[in-house]
file input-v5.txt (compact mmCIF, C-alpha atoms)
# COMPACT_ATOMS: atom_id res chain seq x y z
CA MET A 1 93.17 20.13 138.47
CA ARG A 2 92.79 20.19 134.74
CA GLY A 3 93.95 23.55 133.57
CA ASN A 4 96.25 25.30 136.01
CA GLN A 5 98.87 22.69 136.59
CA LEU A 6 102.60 22.62 136.20
CA ILE A 7 103.99 19.70 134.24
CA PHE A 8 106.65 17.57 135.86
CA SER A 9 108.21 14.30 134.82
CA ARG A 10 109.31 12.00 137.58
CA SER A 11 111.42 9.84 135.28
CA GLY A 12 112.43 12.33 132.65
CA ASP A 13 110.52 10.25 130.13
CA ARG A 14 108.06 12.51 128.37
CA ARG A 15 105.64 9.62 127.99
CA ARG A 16 105.25 9.62 131.77
CA LEU A 17 104.45 13.24 132.37
CA TYR A 18 102.11 14.05 135.19
CA GLY A 19 100.51 17.26 136.26
CA VAL A 20 101.16 18.98 139.56
CA SER A 21 98.85 21.68 140.78
CA PRO A 22 100.16 24.75 142.64
CA TYR A 23 97.08 24.44 144.82
CA LEU A 24 98.00 23.05 148.27
CA PHE A 25 101.48 22.31 146.93
CA PRO A 26 103.19 23.65 150.11
CA GLN A 27 101.15 21.26 152.22
CA TYR A 28 101.36 18.06 150.21
CA THR A 29 103.94 18.62 147.43
CA ASP A 30 103.20 16.44 144.42
CA PHE A 31 100.80 14.27 146.40
CA ASN A 32 98.43 17.21 146.55
CA SER A 33 96.31 15.86 143.73
CA GLN A 34 95.14 13.24 146.22
CA PHE A 35 93.63 15.99 148.37
CA LEU A 36 92.06 18.16 145.70
CA PRO A 37 88.57 18.09 144.27
CA ASP A 38 88.35 15.97 141.18
CA ASP A 39 86.37 18.41 139.15
CA ARG A 40 87.30 21.91 139.97
CA GLU A 41 90.25 23.95 141.10
CA LEU A 42 91.11 27.63 141.24
CA PRO A 43 87.98 28.74 139.45
CA LEU A 44 88.50 32.34 138.49
CA HIS A 45 85.11 33.16 137.16
CA GLY A 46 81.53 32.52 138.05
CA LEU A 47 81.93 32.17 141.82
CA GLN A 48 82.11 34.78 144.56
CA ALA A 49 84.31 33.81 147.47
CA GLN A 50 82.18 33.18 150.52
CA LEU A 51 82.37 31.55 153.93
CA PHE A 52 79.62 29.84 155.90
CA VAL A 53 80.28 29.94 159.62
CA PHE A 54 78.79 27.64 162.25
CA ASP A 55 79.57 29.33 165.55
CA PHE A 56 79.42 27.67 168.94
CA GLY A 57 80.70 30.24 171.40
CA PHE A 58 83.27 32.44 169.69
CA ALA A 59 81.22 35.07 167.86
CA LEU A 60 78.05 34.03 169.68
CA PRO A 61 78.97 33.33 173.32
CA ALA A 62 75.51 31.99 174.14
CA ASN A 63 76.18 29.02 171.88
CA THR A 64 79.06 27.71 174.00
CA ILE A 65 78.63 23.97 174.38
CA ALA A 66 78.19 22.72 177.94
CA PRO A 67 80.23 19.71 179.10
CA LEU A 68 79.26 16.57 177.18
CA ASP A 69 76.34 18.44 175.64
CA THR A 70 75.09 18.67 172.05
CA GLN A 71 74.34 21.86 170.12
CA PHE A 72 72.77 22.61 166.73
CA PHE A 73 73.53 25.52 164.45
CA PRO A 74 71.28 25.81 161.39
CA ILE A 75 71.91 28.00 158.36
CA THR A 76 69.42 28.71 155.62
CA VAL A 77 71.52 28.89 152.48
CA PRO A 78 70.97 32.39 151.05
CA ASN A 79 72.32 31.65 147.57
CA ASP A 80 73.61 28.71 145.59
CA PHE A 81 76.90 27.76 147.13
CA LEU A 82 79.75 25.37 146.36
CA ALA A 83 81.65 24.33 149.48
CA LEU A 84 85.20 23.34 148.70
CA SER A 85 86.86 23.00 152.09
CA ILE A 86 86.11 22.73 155.78
CA THR A 87 88.14 24.13 158.65
CA GLY A 88 87.55 24.69 162.33
CA ALA A 89 88.90 25.79 165.68
CA ALA A 90 88.06 24.97 169.29
CA ASP A 91 89.13 25.95 172.77
CA VAL A 92 88.01 26.16 176.38
CA PRO A 93 86.47 29.55 177.20
CA PRO A 94 88.72 31.63 179.44
CA SER A 95 85.90 32.07 181.91
CA SER A 96 85.89 28.36 182.70
CA GLY A 97 88.89 29.20 184.82
CA VAL A 98 90.53 25.80 185.10
CA VAL A 99 94.16 25.28 184.26
CA PRO A 100 94.50 22.11 182.19
CA ALA A 101 96.35 19.41 184.10
CA ALA A 102 96.79 15.68 183.70
CA GLY A 103 94.68 13.66 186.08
CA ARG A 104 91.86 16.14 186.44
CA LEU A 105 88.35 14.94 185.79
CA VAL A 106 87.02 18.40 185.03
CA GLY A 107 88.37 21.04 182.72
CA VAL A 108 90.91 18.90 180.90
CA ASN A 109 91.54 18.98 177.21
CA VAL A 110 90.61 15.89 175.33
CA THR A 111 91.24 14.74 171.84
CA PRO A 112 89.20 14.05 169.85
CA THR A 113 87.46 17.14 171.07
CA TYR A 114 83.99 16.90 169.63
CA LEU A 115 81.76 14.87 167.35
CA ILE A 116 80.35 16.57 164.29
CA ASN A 117 77.73 15.90 161.69
CA PHE A 118 75.78 17.92 159.15
CA GLN A 119 72.09 17.60 158.38
CA GLN A 120 70.97 19.03 155.07
CA THR A 121 67.31 19.67 154.35
CA HIS A 122 66.15 20.10 150.77
CA ALA A 123 62.51 20.33 149.74
CA GLY A 124 61.36 18.67 152.92
CA SER A 125 63.86 15.83 152.82
CA THR A 126 66.68 15.68 155.32
CA TRP A 127 69.85 13.65 155.10
CA GLN A 128 73.13 13.48 156.96
CA TRP A 129 76.58 14.01 155.54
CA HIS A 130 77.95 11.16 157.67
CA ASN A 131 76.19 7.95 158.60
CA LYS A 132 77.16 8.66 162.21
CA ASP A 133 78.74 11.52 164.08
CA VAL A 134 82.47 11.68 163.39
CA THR A 135 85.29 13.26 165.35
CA ASN A 136 86.90 16.57 164.60
CA VAL A 137 90.16 14.74 163.89
CA GLU A 138 88.50 12.94 160.99
CA ALA A 139 86.30 15.69 159.63
CA VAL A 140 87.78 19.16 160.14
CA GLY A 141 90.99 20.81 158.93
CA THR A 142 92.69 24.06 159.89
CA GLY A 143 93.72 27.20 158.08
CA GLU A 144 97.15 25.74 157.47
CA ASN A 145 95.83 22.36 156.40
CA PRO A 146 92.28 22.79 155.20
CA ARG A 147 90.38 19.62 154.54
CA MET A 148 89.31 19.78 150.91
CA PHE A 149 86.12 18.04 149.90
CA LYS A 150 87.00 15.46 147.31
CA SER A 151 84.05 16.66 145.34
CA PRO A 152 82.70 20.18 145.90
CA VAL A 153 79.50 20.13 147.94
CA TYR A 154 76.59 21.88 146.25
CA LEU A 155 74.20 23.71 148.56
CA PRO A 156 71.19 25.08 146.68
CA ALA A 157 69.64 28.33 147.84
CA GLY A 158 66.85 27.72 150.33
CA ASP A 159 68.30 24.54 151.76
CA THR A 160 68.89 24.33 155.47
CA LEU A 161 72.23 23.06 156.68
CA SER A 162 72.55 22.24 160.37
CA CYS A 163 75.84 21.57 162.05
CA VAL A 164 75.44 19.20 165.00
CA LEU A 165 78.23 19.17 167.56
CA ARG A 166 78.70 17.05 170.65
CA ASN A 167 81.25 18.14 173.22
CA LEU A 168 83.43 15.21 174.28
CA GLY A 169 85.12 17.07 177.12
CA ASN A 170 83.98 17.54 180.68
CA THR A 171 84.28 21.28 180.38
CA SER A 172 82.65 24.06 178.38
CA LEU A 173 83.78 24.21 174.79
CA ARG A 174 83.84 26.83 172.06
CA VAL A 175 83.91 25.63 168.47
CA GLN A 176 83.68 27.30 165.11
CA ILE A 177 83.30 25.45 161.81
CA VAL A 178 83.88 27.22 158.50
CA LEU A 179 82.85 26.08 155.03
CA SER A 180 84.90 27.90 152.41
CA GLY A 181 83.77 28.13 148.85
CA GLY A 182 81.91 30.30 146.45
CA SER A 183 78.40 31.49 145.81
CA PHE A 184 76.81 31.98 142.44
CA MET B 1 89.89 50.27 129.33
CA ALA B 2 88.39 47.18 127.76
CA LYS B 3 90.28 44.00 128.41
CA PRO B 4 91.85 42.28 125.38
CA ALA B 5 89.90 39.45 123.86
CA CYS B 6 90.89 35.87 124.57
CA THR B 7 93.39 34.73 121.95
CA THR B 8 91.82 31.28 121.80
CA CYS B 9 88.14 32.07 121.33
CA HIS B 10 88.61 35.67 120.11
CA GLY B 11 86.06 36.92 122.57
CA SER B 12 83.21 34.53 121.90
CA GLY B 13 83.70 32.67 125.17
CA ARG B 14 83.10 29.33 123.40
CA ASP B 15 85.70 26.73 122.57
CA PRO B 16 86.38 26.96 118.82
CA TRP B 17 88.08 23.55 118.77
CA LEU B 18 84.89 21.91 119.96
CA GLN B 19 82.63 23.76 117.54
CA ASN B 20 81.63 26.24 120.26
CA SER B 21 79.87 23.48 122.18
CA THR B 22 81.53 24.25 125.53
CA PRO B 23 82.87 27.33 127.29
CA CYS B 24 86.37 28.27 126.25
CA GLY B 25 88.78 26.53 128.58
CA MET B 26 91.41 29.23 128.29
CA CYS B 27 89.27 32.12 129.50
CA GLU B 28 86.61 30.08 131.32
CA GLY B 29 83.96 31.50 129.07
CA THR B 30 84.56 35.17 129.77
CA GLY B 31 85.92 35.99 126.33
CA GLN B 32 88.64 38.06 127.95
CA GLN B 33 92.33 37.34 127.76
CA PHE B 34 93.52 35.69 130.96
CA ASP B 35 95.66 37.98 133.07
CA PRO B 36 98.16 36.05 135.21
CA GLY B 37 98.94 39.24 137.10
CA ARG B 38 102.01 40.25 139.05
CA ASP B 39 102.74 38.73 142.43
CA PHE B 40 101.70 41.19 145.10
CA THR B 41 100.86 41.22 148.78
CA TYR B 42 98.81 43.52 150.94
CA GLU B 43 99.43 43.41 154.64
CA MET B 44 96.92 44.70 157.18
CA GLY B 45 98.55 45.76 160.42
CA PRO B 46 100.49 45.26 162.57
CA PHE B 47 98.15 46.46 165.25
CA THR B 48 97.80 45.54 168.87
CA LEU B 49 94.70 44.65 170.84
CA ASN B 50 94.66 44.77 174.63
CA ALA B 51 97.60 47.15 174.37
CA PRO B 52 99.39 48.21 177.56
CA ALA B 53 98.47 51.87 177.75
CA ALA B 54 95.20 53.64 177.18
CA VAL B 55 96.04 54.35 173.58
CA ASN B 56 93.50 56.02 171.39
CA PRO B 57 92.99 53.94 168.27
CA THR B 58 94.29 55.70 165.19
CA PHE B 59 91.63 55.25 162.55
CA PRO B 60 91.85 54.84 159.69
CA GLN B 61 95.15 53.08 159.65
CA TYR B 62 96.69 51.82 156.47
CA PHE B 63 100.09 50.19 156.70
CA VAL B 64 101.09 51.64 160.04
CA GLY B 65 100.40 50.07 163.36
CA ALA B 66 97.51 50.95 165.61
CA ALA B 67 96.70 50.00 169.15
CA ALA B 68 93.58 49.59 171.22
CA ALA B 69 93.34 49.26 174.97
CA GLY B 70 90.47 46.81 174.60
CA PRO B 71 89.91 43.48 172.87
CA THR B 72 88.22 44.83 169.73
CA MET B 73 89.04 46.98 166.78
CA VAL B 74 86.40 47.89 164.21
CA GLY B 75 86.92 49.17 160.70
CA VAL B 76 90.61 48.49 160.27
CA THR B 77 91.48 49.32 156.69
CA CYS B 78 93.92 48.36 153.98
CA GLN B 79 93.98 50.48 150.84
CA VAL B 80 94.15 48.77 147.47
CA THR B 81 96.22 50.87 145.06
CA GLY B 82 95.49 51.80 141.46
CA LYS B 83 95.35 48.23 140.14
CA PRO B 84 92.75 45.53 140.76
CA PHE B 85 93.99 42.87 143.14
CA ARG B 86 93.20 39.15 142.90
CA TRP B 87 93.29 37.74 146.44
CA MET B 88 94.47 34.11 146.27
CA PHE B 89 96.08 33.18 149.59
CA ARG B 90 95.24 34.22 153.13
CA MET B 91 97.80 34.21 155.90
CA ALA B 92 98.13 35.78 159.32
CA GLN B 93 100.50 36.15 162.22
CA SER B 94 99.36 36.87 165.76
CA THR B 95 100.37 36.45 169.37
CA PHE B 96 97.12 34.68 170.24
CA PRO B 97 94.13 33.49 168.27
CA PHE B 98 91.67 36.16 167.19
CA GLN B 99 88.40 36.60 165.34
CA VAL B 100 87.95 38.66 162.24
CA GLN B 101 85.31 39.69 159.76
CA ILE B 102 86.76 40.87 156.45
CA LYS B 103 84.78 43.10 154.09
CA ASP B 104 85.19 44.58 150.65
CA ALA B 105 84.42 48.22 151.35
CA GLY B 106 84.49 48.94 147.64
CA SER B 107 81.36 46.95 147.01
CA GLY B 108 79.11 49.73 148.24
CA SER B 109 77.63 48.42 151.44
CA GLY B 110 80.83 46.61 152.41
CA ARG B 111 80.40 43.05 151.28
CA SER B 112 81.25 40.59 154.01
CA PHE B 113 82.69 37.24 153.07
CA VAL B 114 80.39 35.70 155.67
CA PRO B 115 76.72 36.20 154.84
CA GLN B 116 75.77 35.77 158.50
CA GLN B 117 78.04 38.72 159.42
CA LEU B 118 79.92 36.65 162.01
CA GLN B 119 83.57 36.96 162.87
CA VAL B 120 85.70 33.96 161.98
CA HIS B 121 88.31 32.30 164.18
CA SER B 122 91.84 32.83 162.87
CA HIS B 123 92.77 29.14 163.06
CA GLY B 124 90.01 28.24 160.66
CA LEU B 125 90.70 31.04 158.23
CA PHE B 126 94.41 31.74 157.87
CA GLY B 127 97.47 29.73 157.00
CA THR B 128 101.14 30.63 157.12
CA ALA B 129 103.84 31.19 154.53
CA GLU B 130 104.80 27.52 154.78
CA ARG B 131 101.20 26.39 154.57
CA PRO B 132 99.06 29.15 153.10
CA PHE B 133 95.30 28.78 152.91
CA PRO B 134 94.45 29.03 149.22
CA MET B 135 91.19 30.77 148.43
CA PRO B 136 89.10 28.10 146.75
CA THR B 137 87.75 30.94 144.66
CA PRO B 138 90.10 33.89 144.26
CA TYR B 139 88.43 37.21 144.96
CA VAL B 140 89.14 40.36 142.98
CA PHE B 141 89.21 43.68 144.83
CA GLU B 142 88.74 46.50 142.38
CA LYS B 143 91.33 49.26 142.26
CA ASN B 144 91.34 52.06 144.83
CA VAL B 145 88.95 50.28 147.20
CA GLN B 146 89.52 49.58 150.86
CA ILE B 147 89.66 46.17 152.46
CA THR B 148 88.19 46.57 155.92
CA ALA B 149 88.07 44.23 158.87
CA ASP B 150 86.70 44.01 162.40
CA PHE B 151 88.84 42.19 164.95
CA THR B 152 88.31 40.64 168.37
CA ASP B 153 91.15 39.35 170.48
CA LEU B 154 90.62 35.87 171.93
CA GLY B 155 93.70 35.58 174.12
CA GLY B 156 94.88 38.81 175.70
CA LEU B 157 93.57 40.90 178.58
CA VAL B 158 94.09 44.21 180.34
CA GLY B 159 93.40 44.96 184.00
CA THR B 160 95.08 45.52 187.33
CA CYS B 161 97.01 43.14 189.54
CA GLY B 162 98.96 43.00 192.76
CA VAL B 163 102.74 42.64 192.61
CA VAL B 164 105.32 42.28 195.36
CA ASN B 165 108.91 43.46 195.11
CA GLY B 166 111.22 40.43 194.91
CA SER B 167 108.44 37.92 194.26
CA PRO B 168 107.47 36.24 190.96
CA THR B 169 103.83 35.86 192.01
CA VAL B 170 101.24 38.16 190.45
CA THR B 171 97.71 38.34 191.87
CA TRP B 172 94.76 39.32 189.71
CA THR B 173 92.63 42.22 190.88
CA THR B 174 90.46 43.45 188.01
CA GLY B 175 89.99 42.85 184.28
CA GLY B 176 87.82 40.28 182.58
CA THR B 177 87.09 37.20 184.65
CA GLY B 178 90.68 36.70 185.74
CA PHE B 179 93.91 35.63 184.11
CA ASN B 180 93.41 33.57 180.97
CA THR B 181 93.74 29.90 181.87
CA SER B 182 92.49 28.54 178.60
CA ALA B 183 94.51 26.33 176.29
CA ALA B 184 93.85 25.25 172.78
CA PHE B 185 92.25 21.85 172.56
CA GLY B 186 94.05 18.79 171.31
CA PRO B 187 97.59 17.52 171.60
CA PRO B 188 99.84 17.89 173.46
CA PHE B 189 97.51 16.50 176.07
CA PRO B 190 96.28 18.04 178.31
CA GLY B 191 97.32 21.32 176.70
CA THR B 192 99.35 24.30 177.86
CA PRO B 193 97.69 27.57 178.85
CA LEU B 194 98.08 30.17 176.13
CA TRP B 195 99.74 32.60 178.50
CA ASN B 196 102.60 30.34 179.55
CA GLY B 197 105.70 31.93 178.05
CA ALA B 198 103.83 35.04 176.93
CA THR B 199 104.86 38.60 177.66
CA ILE B 200 103.00 40.66 180.26
CA SER B 201 103.29 44.39 180.81
CA LEU B 202 103.29 45.23 184.54
CA GLY B 203 103.09 48.97 185.11
CA GLY B 204 104.70 49.53 181.73
CA VAL B 205 107.58 47.08 182.25
CA LEU B 206 107.63 43.84 180.28
CA TYR B 207 108.01 40.46 182.01
CA VAL B 208 107.69 36.88 180.81
CA ILE B 209 105.00 34.65 182.29
CA SER B 210 106.33 31.32 183.48
CA ALA B 211 102.97 29.73 184.26
CA VAL B 212 99.37 30.66 184.88
CA THR B 213 98.37 28.81 188.04
CA SER B 214 94.75 29.96 188.29
CA GLN B 215 92.44 32.76 187.30
CA ASN B 216 93.70 34.68 190.30
CA SER B 217 97.42 33.99 190.15
CA LEU B 218 100.35 33.61 187.79
CA THR B 219 104.09 33.20 188.19
CA LEU B 220 106.69 35.27 186.38
CA ALA B 221 109.89 33.82 184.98
CA THR B 222 111.83 36.35 187.10
CA ASN B 223 111.11 38.24 190.30
CA TYR B 224 109.20 41.50 190.09
CA THR B 225 111.62 44.34 190.79
CA ALA B 226 109.75 47.48 191.73
CA ALA B 227 107.74 48.76 194.61
CA THR B 228 105.00 46.52 195.94
CA ALA B 229 101.74 47.89 194.61
CA THR B 230 98.65 47.33 192.51
CA VAL B 231 99.62 48.05 188.91
CA ALA B 232 98.05 47.90 185.48
CA PHE B 233 98.77 44.78 183.49
CA ALA B 234 98.35 43.97 179.82
CA VAL B 235 98.84 40.79 177.85
CA SER B 236 98.63 41.98 174.27
CA ASN B 237 97.82 40.40 170.96
CA THR B 238 99.68 41.85 167.98
CA ILE B 239 98.10 40.89 164.69
CA ARG B 240 99.06 41.00 161.05
CA VAL B 241 96.81 39.76 158.27
CA GLN B 242 98.19 39.18 154.82
CA PHE B 243 96.33 39.19 151.55
CA ALA B 244 98.56 37.48 149.01
CA GLY B 245 97.80 37.25 145.33
CA VAL B 246 98.43 39.07 142.12
CA GLU B 247 97.98 42.61 140.94
CA LEU B 248 96.09 42.76 137.67
CA SER B 249 96.87 45.07 134.81
CA ALA B 250 93.39 46.54 134.48

call {"tool": "encode", "arguments": {"input": "input-v5.txt", "output": "structure tokens"}}
result
Amino acid sequence: MRGNQLIFSRSGDRRRLYGVSPYLFPQYTDFNSQFLPDDRELPLHGLQAQLFVFDFGFALPANTIAPLDTQFFPITVPNDFLALSITGAADVPPSSGVVPAAGRLVGVNVTPTYLINFQQTHAGSTWQWHNKDVTNVEAVGTGENPRMFKSPVYLPAGDTLSCVLRNLGNTSLRVQIVLSGGSF
Amino acid sequence: MAKPACTTCHGSGRDPWLQNSTPCGMCEGTGQQFDPGRDFTYEMGPFTLNAPAAVNPTFPQYFVGAAAAGPTMVGVTCQVTGKPFRWMFRMAQSTFPFQVQIKDAGSGSGRSFVPQQLQVHSHGLFGTAERPFPMPTPYVFEKNVQITADFTDLGGLVGTCGVVNGSPTVTWTTGGTGFNTSAAFGPPFPGTPLWNGATISLGGVLYVISAVTSQNSLTLATNYTAATATVAFAVSNTIRVQFAGVELSA
């Protein structure tokens, strides 16, 4: 946000210049600064691009979440990591074999689709990222519209980060959550 | 060739205007002159998973298409040319969602961007030209290396089915657990099966699917016009992955 911005002037008055970042500009135009981390953007040095994946059924089919069930997926952080955005995807496994239709009690799509929370353990202490489980609508973005953390989340090496998901649909559910960022 | 020194800090990596108390803001402490690069894009693919015929995969493939008769393709490659490439935006185009694990083959063992070595769902990883997913940290592929990727199709299927001359109804016989009835979650409620409106190859002839009615049956948009028989079917996923960024000078 501080160094890689274009300079625009809404009024033409040079005393009212404001910076616009190219980052997420297609998504949010000049409002994008509202969605970007306060402290860091487009770091070119010092971080290695990395993704942490919490998989519930896509890459690991055994982790598919049963109807209305809850699943955990823990990761032990292998190296210091800064998470800058969160994205996700979900669907009904093809093998569930039910065509979605209004009025059904089983196999229908619902939105919000699941509740999500993170539990981080550091040096024996565990805390949650949300005071209660929140819906995917509130917490998870997509590849086209990633949800940026307003402040990058620091995950020290050795910490354990568990993703806790609760299926809100009355059908099996596959979910994958991705933290994008960099390791160092 | 050594990179030119930063014109602000002259290679020290410290900010001379702040008495060297902080890293140089121009070069982020590297001491090297910042290289804005030249806009460049590498495209991986197009290639097709669950392709209609029993096609032998053509590995390695670079910018030409390849096809696989199954849902997976391992070790797809994209060759970086004689300049380092700074990957800044990731985008993809596909018929259906897919999973992918991207690796930097030039890093020796093939560095994966996911330390757990899991494939990542395309909806959580890629944007589009209108809404690209910016890499929070751009990644530099060194010159002459290969970007490699393993893919798994999440939507298509190959198998056999029963068709009747003059009828739009297709009956599943073999392949997977039946026709794909799944729909992406979320609005529009209650969701439309992925295959509705998709193209299906029936015995080598392409038809459009009107609606999937169950795992065992689907309806075509037009009547099937060939001899009643059991034929091979394929609903394919054609994928392109784009690495957008800048080509560096050295």

call {"tool": "closest_residue", "arguments": {"input": "input-v5.txt", "among": "B:Asn144, B:Thr22, B:Ser236, B:Thr228", "to": "B:Lys83", "atoms": "all atoms listed in the file"}}
result
B:Asn144

call {"tool": "residues_around", "arguments": {"input": "input-v5.txt", "residues": "A:Ile65", "least_positions_apart": "3", "cutoff": "7 Å", "atoms": "all atoms listed in the file", "output": "list of chain:residue names"}}
result
A:Phe56, A:Asp69, A:Thr70, A:Gln71, A:Asn167, A:Ser172, A:Leu173, A:Arg174

call {"tool": "closest_residue", "arguments": {"input": "input-v5.txt", "among": "A:Pro26, A:Val153, A:Gln176, A:Asn131", "to": "A:Phe54", "atoms": "only C-alpha atoms"}}
result
A:Gln176

call {"tool": "closest_atom_pairs", "arguments": {"input": "input-v5.txt", "of": "stretch 64-134 of chain A", "to": "stretch 109-128 of chain B", "cutoff": "10 Å", "atoms": "all atoms listed in the file", "output": "tab-separated table"}}
result
residue	atom	partner	partner_atom	distance
A:Ile75	CA	B:Gln116	CA	8.7
A:Thr76	CA	B:Gln116	CA	9.9
A:Val77	CA	B:Pro115	CA	9.3
A:Pro78	CA	B:Pro115	CA	7.9
A:Asn79	CA	B:Pro115	CA	9.6
A:Ile86	CA	B:Gly124	CA	8.3
A:Thr87	CA	B:Gly124	CA	4.9
A:Gly88	CA	B:Gly124	CA	4.6
A:Ala89	CA	B:Gly124	CA	5.7
A:Ala90	CA	B:His123	CA	8.9

call {"tool": "interface_residues", "arguments": {"input": "input-v5.txt", "of": "chain B", "to": "chain A", "cutoff": "9 Å", "atoms": "only C-alpha atoms", "output": "MDAnalysis selection string"}}
result
chainID B and resid 25:30 88 90:91 99 112:116 118:139 154:155 176:187 189:193 212:215

call {"tool": "atom_distance", "arguments": {"input": "input-v5.txt", "atom1": "atom CA of B:Val158", "atom2": "atom CA of B:Ile200"}}
result
9.6 Å

call {"tool": "axis_aligned_box", "arguments": {"input": "input-v5.txt", "around": "stretch 163-167 of chain A", "padding_each_side": "4 Å", "output": "lines of an AutoDock Vina configuration file"}}
result
center_x = 78.3
center_y = 19.3
center_z = 167.6
size_x = 13.8
size_y = 12.5
size_z = 19.2

call {"tool": "atom_distance", "arguments": {"input": "input-v5.txt", "atom1": "atom CA of B:Ala198", "atom2": "atom CA of B:Gly45"}}
result
20.4 Å

call {"tool": "residues_around", "arguments": {"input": "input-v5.txt", "residues": "B:Thr222", "least_positions_apart": "6", "cutoff": "10 Å", "atoms": "all atoms listed in the file", "output": "list of chain:residue names"}}
result
B:Gly166, B:Ser167, B:Pro168, B:Thr169, B:Tyr207, B:Val208, B:Ile209, B:Ser210

call {"tool": "write_last_selection", "arguments": {"input": "input-v5.txt", "atoms": "C-alpha atoms", "output": "PDB file, in the frame of the given file"}}
result
ATOM      1  CA  GLY B 166     111.220  40.430 194.910  1.00  0.00           C
ATOM      2  CA  SER B 167     108.440  37.920 194.260  1.00  0.00           C
ATOM      3  CA  PRO B 168     107.470  36.240 190.960  1.00  0.00           C
ATOM      4  CA  THR B 169     103.830  35.860 192.010  1.00  0.00           C
ATOM      5  CA  TYR B 207     108.010  40.460 182.010  1.00  0.00           C
ATOM      6  CA  VAL B 208     107.690  36.880 180.810  1.00  0.00           C
ATOM      7  CA  ILE B 209     105.000  34.650 182.290  1.00  0.00           C
ATOM      8  CA  SER B 210     106.330  31.320 183.480  1.00  0.00           C
TER       9      SER B 210
END

call {"tool": "atom_distance", "arguments": {"input": "input-v5.txt", "atom1": "atom CA of A:Phe73", "atom2": "atom CA of A:Tyr114"}}
result
14.5 Å

call {"tool": "closest_residue", "arguments": {"input": "input-v5.txt", "among": "A:Phe81, A:Arg147, A:Lys132, A:Ser162", "to": "A:Gln119", "atoms": "only C-alpha atoms"}}
result
A:Ser162

call {"tool": "decode", "arguments": {"input": "input-v5.txt", "residues": "stretch 105-138 of chain A", "atoms": "C-alpha atoms", "output": "PDB file, in the first residue's frame"}}
result
ATOM      1  CA  LEU A 105     -35.123 -32.401   2.367  1.00  0.00           C
ATOM      2  CA  VAL A 106     -32.041 -34.352   1.388  1.00  0.00           C
ATOM      3  CA  GLY A 107     -29.319 -33.475  -1.057  1.00  0.00           C
ATOM      4  CA  VAL A 108     -30.232 -29.841  -1.583  1.00  0.00           C
ATOM      5  CA  ASN A 109     -27.777 -27.014  -1.775  1.00  0.00           C
ATOM      6  CA  VAL A 110     -27.924 -24.544   1.028  1.00  0.00           C
ATOM      7  CA  THR A 111     -26.341 -21.203   1.570  1.00  0.00           C
ATOM      8  CA  PRO A 112     -24.571 -20.470   3.789  1.00  0.00           C
ATOM      9  CA  THR A 113     -22.965 -23.810   3.156  1.00  0.00           C
ATOM     10  CA  TYR A 114     -20.791 -24.393   6.171  1.00  0.00           C
ATOM     11  CA  LEU A 115     -19.540 -22.844   9.389  1.00  0.00           C
ATOM     12  CA  ILE A 116     -15.821 -22.315   9.755  1.00  0.00           C
ATOM     13  CA  ASN A 117     -13.388 -21.447  12.480  1.00  0.00           C
ATOM     14  CA  PHE A 118      -9.653 -21.722  13.035  1.00  0.00           C
ATOM     15  CA  GLN A 119      -7.923 -22.837  16.199  1.00  0.00           C
ATOM     16  CA  GLN A 120      -4.288 -21.850  16.534  1.00  0.00           C
ATOM     17  CA  THR A 121      -2.039 -23.495  19.101  1.00  0.00           C
ATOM     18  CA  HIS A 122       1.201 -21.817  20.093  1.00  0.00           C
ATOM     19  CA  ALA A 123       3.425 -23.016  22.921  1.00  0.00           C
ATOM     20  CA  GLY A 124       0.595 -24.910  24.532  1.00  0.00           C
ATOM     21  CA  SER A 125      -1.941 -22.113  24.297  1.00  0.00           C
ATOM     22  CA  THR A 126      -4.868 -22.377  21.928  1.00  0.00           C
ATOM     23  CA  TRP A 127      -7.086 -19.593  20.692  1.00  0.00           C
ATOM     24  CA  GLN A 128      -9.731 -19.175  18.033  1.00  0.00           C
ATOM     25  CA  TRP A 129      -9.688 -16.762  15.131  1.00  0.00           C
ATOM     26  CA  HIS A 130     -13.407 -16.060  15.584  1.00  0.00           C
ATOM     27  CA  ASN A 131     -15.319 -15.887  18.835  1.00  0.00           C
ATOM     28  CA  LYS A 132     -17.838 -18.281  17.293  1.00  0.00           C
ATOM     29  CA  ASP A 133     -18.065 -20.306  14.120  1.00  0.00           C
ATOM     30  CA  VAL A 134     -18.866 -18.068  11.154  1.00  0.00           C
ATOM     31  CA  THR A 135     -20.374 -18.871   7.783  1.00  0.00           C
ATOM     32  CA  ASN A 136     -18.468 -19.305   4.572  1.00  0.00           C
ATOM     33  CA  VAL A 137     -20.251 -16.237   3.194  1.00  0.00           C
ATOM     34  CA  GLU A 138     -18.637 -14.099   5.873  1.00  0.00           C
TER      35      GLU A 138
END
